[in-house]
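Let me begin by presenting the structure, written as structure tokens, before commenting on it.
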Amino acid sequence: MRKNAGALTATERKRFVDAVLEVKRRGEYDEFVRTHVAYFAADGETQLRTAHMAPSFLPWHRRFLLDMENALRRVDASVTLPYWDWTRDRTATSVPWTKDLLGGNGRRSDQQVTTGPFAYATGNWTIKVGVTDGRYLTRDLGRAASPIQLPTKDDVSWALNDPVYDVQPWDSTVTRGFRNKLEGWGTGSGSASWHNHNRVHRWVGGAMLGAASVNDPVFWLHHAYLDMQWERWQQAHSSHRYLPAAPPGTGDAQHGRVVARHDKLPPWSDTPDQLENMSGVYRYE
């Protein structure tokens with residue numbers, strides 16, 4: 001059972017935090033960061049895209065979440081991944097930014113998080129994998145210099161109401177299809193082009209801005225909420241499936257660059273088809 005972070009008891013919060021810290025202490029957490037960095041390929045690259053800007057955005061992260069959840073449960077079998085409903089908990093002081101869960105915002109001078117269990121000063125959360133040399137967790141909740149707002153329920157509904165999972169050319173430029181409306185690559189420039197998933201990453205700021213965004217534990221709560229939206233979309237549009245159903249042909253610009261429904265999803269052997277129904281594995285409260 002995956003619960004809303006706001007509904008966790010004090011004991012559940014502590015057990016979740018303790019499990020995350022132990023996964024970090026064991027060195028497993030940094031491997032999750034490395035994996036996300038390794039599979040963060042953009043449209044402009046000619047390689048296979050799995051984690052972002054592609055139809056497999058949702059199944060890739062679903063499998064990624066399961067790996068993290070299993071790592072947590074090896075530490076404490078009572079722990080599951082909570083989710084952050086950013087359409088409801090929308091301020092820099094609401095859940096999950098409490099001192100007993102993820103800690104608060106970064107300080108103004110250098111965005112360093114100094115409160116909560118993941119503050120650098122605790123000695124338990126040193127950043128070891130990333131695109132900069134910073135060793136401490138950073139956040140800029142709401143972007144003080146250029147404020148933006150978190151997505152709303154209407155923004156999520158805009159994605160959920162699209163009955164088609166994805167459309168050609170299966171990348172960040174598509175303006176139709178549930179996947180990209182949820183992932184959030186829009187037209188234009190600046191903050192107006194960021195929707196749902198992307199806008200949340202930018203609202204949190206700091207470590208959440210790059211490929212090494214996993215360094216902020218809120219990554220898991222954010223993506224658990226997105227995974228729940230995929231489940232809601234599947235329930236609302238039960239006759240629609242993951243697309244593309246078959247790999248793009250040799251004459252297609254996306255040939256060899258996107259994962260079709262029955263293709264393996266690197267770095268795992270699972271296919272999107274196998275990851276569509278998780279009802280026998282977990283459910284959301």
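Naming works like this for the structure tokens: A, B, ... for the chains as they're shown, residue 1 at the start of each chain, ligands 1 onward in shown order.
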
So that I can check the secondary structure, give me every residue of segment 51-256 of chain A assigned helix (DSSP H, G or I) by backbone DSSP, as a PyMOL selection string.
chain A and resi 57-75+120-122+153-160+178-183+190-193+196-204+206-209+213-215+218-236

Run DSSP on the backbone and grab whatever in segment 86-227 of chain A lands in strand (DSSP E or B); send it over as a PyMOL selection string.
chain A and resi 106+112-113+138+185+194

Please produce a file of the residues just selected, as a CSV table (one decimal), in the first residue's frame, where the atoms kept are C-alpha atoms.
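The new file part06.csv reads:
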```csv
chain,number,residue,atom,x,y,z
A,106,GLY,CA,17.5,25.5,1.0
A,112,GLN,CA,21.8,24.2,0.9
A,113,VAL,CA,19.2,22.2,2.8
A,138,THR,CA,20.0,21.9,-2.5
A,185,TRP,CA,7.3,19.1,-22.4
A,194,TRP,CA,6.6,23.4,-18.3
```

Restricting the calculation to only C-alpha atoms: of A:Tyr165, A:Trp84, A:Trp203, A:Trp158, which residue gets closest to Arg139 of chain A?
A:Trp203

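Computed from the coordinates, the atom CA of Tyr242 of chain A to atom CA of Pro55 of chain A distance equals 7.7 Å.
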
Write out as a PDB file with N, CA, C and O atoms, in the first residue's frame each polymer residue whose atoms come within 9 Å of Asp162 of chain A, counting only C-alpha atoms; drop sequence neighbours fewer than 4 positions from it.
```pdb
ATOM      1  N   SER A 157      -5.873  16.865 -14.721  1.00  0.00           N
ATOM      2  CA  SER A 157      -7.055  16.415 -15.469  1.00  0.00           C
ATOM      3  C   SER A 157      -6.875  16.599 -16.967  1.00  0.00           C
ATOM      4  O   SER A 157      -7.331  15.775 -17.766  1.00  0.00           O
ATOM      5  N   TRP A 158      -6.194  17.666 -17.361  1.00  0.00           N
ATOM      6  CA  TRP A 158      -5.907  17.915 -18.783  1.00  0.00           C
ATOM      7  C   TRP A 158      -5.157  16.728 -19.388  1.00  0.00           C
ATOM      8  O   TRP A 158      -5.424  16.324 -20.533  1.00  0.00           O
ATOM      9  N   ARG A 176      -0.237  16.072 -28.284  1.00  0.00           N
ATOM     10  CA  ARG A 176      -1.359  15.204 -27.909  1.00  0.00           C
ATOM     11  C   ARG A 176      -0.810  13.975 -27.184  1.00  0.00           C
ATOM     12  O   ARG A 176       0.383  13.682 -27.267  1.00  0.00           O
ATOM     13  N   GLY A 177      -1.683  13.247 -26.513  1.00  0.00           N
ATOM     14  CA  GLY A 177      -1.266  12.041 -25.824  1.00  0.00           C
ATOM     15  C   GLY A 177      -1.030  12.264 -24.338  1.00  0.00           C
ATOM     16  O   GLY A 177      -0.445  13.265 -23.918  1.00  0.00           O
ATOM     17  N   PHE A 178      -1.509  11.314 -23.545  1.00  0.00           N
ATOM     18  CA  PHE A 178      -1.409  11.394 -22.088  1.00  0.00           C
ATOM     19  C   PHE A 178       0.033  11.488 -21.611  1.00  0.00           C
ATOM     20  O   PHE A 178       0.356  12.283 -20.727  1.00  0.00           O
ATOM     21  N   LYS A 181       1.663  14.964 -21.955  1.00  0.00           N
ATOM     22  CA  LYS A 181       0.930  15.950 -21.165  1.00  0.00           C
ATOM     23  C   LYS A 181       1.248  15.782 -19.680  1.00  0.00           C
ATOM     24  O   LYS A 181       1.280  16.771 -18.937  1.00  0.00           O
ATOM     25  N   TRP A 233      -5.286   6.863 -15.228  1.00  0.00           N
ATOM     26  CA  TRP A 233      -5.544   6.967 -16.661  1.00  0.00           C
ATOM     27  C   TRP A 233      -5.925   5.599 -17.219  1.00  0.00           C
ATOM     28  O   TRP A 233      -6.857   5.484 -18.034  1.00  0.00           O
ATOM     29  N   HIS A 237      -9.440   4.808 -19.104  1.00  0.00           N
ATOM     30  CA  HIS A 237      -9.386   4.519 -20.547  1.00  0.00           C
ATOM     31  C   HIS A 237      -8.945   3.066 -20.736  1.00  0.00           C
ATOM     32  O   HIS A 237      -7.900   2.795 -21.350  1.00  0.00           O
TER      33      HIS A 237
END
```

Using only C-alpha atoms, which residue out of A:Val95, A:Met1, A:Ala54, A:Leu21 lies closest to Phe40 of chain A?
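Comparing A:Val95, A:Met1, A:Ala54, A:Leu21 against Phe40 of chain A, the winner is A:Ala54.
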